Amino acid sequence: MDIKNLTIKEAHEMLISKKMSVLELAEAVLKIAEDTKDLNAYLEIFDDVRAQAEVAQKMIDEGRATMMTGIPVAMKDNILIKGRIVSASSKMLENYRATYDAGVTKKLREAGAIFVGRTNMDEFAMGGSTETSAFGVTKNPHDITRVPGGSSGGSAAALAANACLGALGTDTGGSIRQPASFCGVVGLKPTYGSVSRSGLMAMASSLDQAGPFAKTVEDTEIIFDCIKGHDPMDSTSYPDELVNQKEFKKPKVIGVPVDFVRAKGVDPRVLKNFEESLEAMKKAGYEVKEISLPTLAHGLSVYYILMPAEVSSNLARLDGVRYGYHADGANLLEDYMKSRGEGFGREVRRRILLGTYVLSSGYYDAYYGRARAVQEMLKRDLAEAFKEVDIIATPTAPTPAFKIGEKSSDPLSMYLADIFTVPVNIAGVPAISIPCGFVEEDGSKLPLGMQFIAPHFAESSLFAAGKDFEETQK
Ligand code: GLN
């Protein structure tokens with residue numbers, strides 16, 4: 001069976017019409033997952049995939065199938081699946097087993113999806129390359145000397161390698177969209193609060209959001225429809241009336257924050273591709289309008305204050321006493337220091353220190369307080385912009401996938417990879433990354449991504465424009 005170009009939609013039709021069994025599909029995916037093990041996309045391939053396939057087949061045979069029944073999906077290693085190890089790719093939680101299903105896991109399970117395995121990621125989702133994983137880097141299937149992006153690099157790479165038909169990741173500052181861009185797949189960061197965060201390992205709770213990877217915009221929408229909606233276990237999740245509101249008209253006007261997009265450090269090939277992509281959208285009937293959004297440029301600074309602040313508080317629970325990695329010291333304080341010093345990697349420790357600093361008395365107002373104020377300005381300016389335009393376009397990332405090791409010793413240059421994605425999380429709005437062509441480098445074709453941003457709850461606008469954009473790319 002050739003599943004290289006098989007979409008979720010097509011697989012669904014084949015399963016329903018019995019042209020293929022769930023087991024056949026699962027076996028084909030498992031074979032690819034085995035054959036591409038060297039990518040290190042999966043940290044673990046689950047041993048019960050065939051049993052899950054049986055359950056899904058039964059649903060189909062009994063006429064209870066949903067769009068996701070029998071569809072093999074990959075799960076990022078920070079999403080809880082009851083009874084399974086979930087480590088956030090950290091030594092700290094290397095042997096930790098989930099005691100319950102995450103909200104998104106529950107929804108996928110009820111819909112009959114098949115969990116193929118858990119995928120590699122940057123430790124506790126902190127990073128943009130999967131290089132901070134305690135379990136080795138993931139390789140980009142388009143060029144194995146390059147990173148797949150991150151932090152959800154394993155999910156993006158597994159999908160790009162056809163070792164699943166869809167995948168889940170989490171996105172705090174770009175961790176779904178940037179790896180989607182680097183791996184040539186679609187990735188969606190939903191509106192904050194439209195998908196349950198129950199059972200996700202928290203990085204920065206006010207910014208974290210789970211979302212789908214898929215080969216097409218249509219497939220992305222299928223997964224989103226399955227996982228979205230209110231969850232009583234997550235008090236920040238919105239009521240279904242808000243999540244499902246339908247009044248958004250089909251987008252027509254695309255806003256482009258030109259100054260921001262032309263910022264220093266953006267690869268000229270990315271800019272050229274971006275201009276071409278906009279031209280294509282004009283031909284498809286869209287109006288492209290230049291807008292000025294100066295606060296976007298402060299998104300990164302705001303993010304690298306708010307995010308570490310929340311990280312420092314969220315990760316305080318991992319003290320080596322209650323659960324997770326433990327190292328013995330001479331007394332309790334030393335226990336803490338050794339357990340946390342040895343259990344967490346460099347990047348995680350850096351962020352805990354930064355966050356503790358910006359929250360400390362005497363610095364709180366200067367850093368955290370001001371970052372919150374700029375966050376409000378950014379939200380306000382975006383809301384103003386959305387009065388004039390239906391969606392906003394930027395490249396997803398300033399460069400194509402970089403080489404393994406190229407940025408890992410220079411955190412600041414790594415942070416710059418998030419410049420276009422973080423403002424979206426700061427504002428809580430949804431955004432999608434869609435493949436928009438390739439650049440050639442050292443004989444490899446490296447994918448690029450186009451980002452569309454919409455107002456709160458207007459995922460439907462992203463899907464509508466995204467499908468039109470896909471047509472222009474054919
Ligand atoms: N790359 C960003 C960071 O390092 C985003 C991470 C994320 O979205 N989880 O923080």
# chains A, B, ... in the order shown; residues from 1 in each chain; ligands from 1

call {"tool": "residues_near_ligand", "arguments": {"ligand": "ligand 1", "cutoff": "10 Å", "atoms": "only C-alpha atoms and all ligand atoms", "output": "ChimeraX atom specification"}}
result
/A:121-130,132,149-152,169-179,189,202-204,207-210,300,303-304,307-308,347-348,351,411,414-419,421-422,425

call {"tool": "residues_around", "arguments": {"residues": "Met68 in chain A", "least_positions_apart": "6", "cutoff": "10 Å", "atoms": "only C-alpha atoms", "output": "PyMOL selection string"}}
result
chain A and resi 8-9+11-12+56+108-114+166+219+222-223+225-226

call {"tool": "closest_residue", "arguments": {"among": "A:Asp335, A:Asp328, A:Glu34, A:Glu24", "to": "Phe46 in chain A", "atoms": "only C-alpha atoms"}}
result
A:Glu34

call {"tool": "atom_distance", "arguments": {"atom1": "CA of Ile254 in chain A", "atom2": "CA of Val424 in chain A"}}
result
16.0 Å

call {"tool": "residues_around", "arguments": {"residues": "Tyr367 in chain A", "least_positions_apart": "5", "cutoff": "9 Å", "atoms": "only C-alpha atoms", "output": "list in words"}}
result
Val302, Ile305, Leu306, Val358, Leu359 and Arg372 of chain A

call {"tool": "atom_distance", "arguments": {"atom1": "CA of Arg322 in chain A", "atom2": "CA of Leu93 in chain A"}}
result
11.7 Å

call {"tool": "residues_around", "arguments": {"residues": "Val147 in chain A", "least_positions_apart": "4", "cutoff": "10 Å", "atoms": "only C-alpha atoms", "output": "PyMOL selection string"}}
result
chain A and resi 128-131+137-143+153+157+179+182-183+400-406

call {"tool": "select_by_dssp", "arguments": {"residues": "range 13-219 of chain A", "states": "alpha helix (DSSP H)", "output": "JSON, numbers by chain"}}
result
{"A": [13, 14, 15, 16, 22, 23, 24, 25, 26, 27, 28, 29, 30, 31, 32, 33, 34, 35, 49, 50, 51, 52, 53, 54, 55, 56, 57, 58, 59, 60, 61, 103, 104, 105, 106, 107, 108, 109, 110, 111, 153, 154, 155, 156, 157, 158, 159, 160, 177, 178, 179, 180, 181, 182, 183, 217, 218, 219]}

call {"tool": "closest_residue", "arguments": {"among": "A:Thr472, A:Ser361, A:Met14, A:Gly341", "to": "Lys283 in chain A", "atoms": "only C-alpha atoms"}}
result
A:Thr472

call {"tool": "atom_distance", "arguments": {"atom1": "CA of Pro268 in chain A", "atom2": "CA of Phe420 in chain A"}}
result
15.3 Å

call {"tool": "closest_residue", "arguments": {"among": "A:Leu242, A:Ala371, A:Ile3, A:Ala65", "to": "Ser301 in chain A", "atoms": "only C-alpha atoms"}}
result
A:Ala371

call {"tool": "closest_residue", "arguments": {"among": "A:Leu271, A:Ile352, A:Ile227, A:Ala98", "to": "Ile81 in chain A", "atoms": "only C-alpha atoms"}}
result
A:Ala98
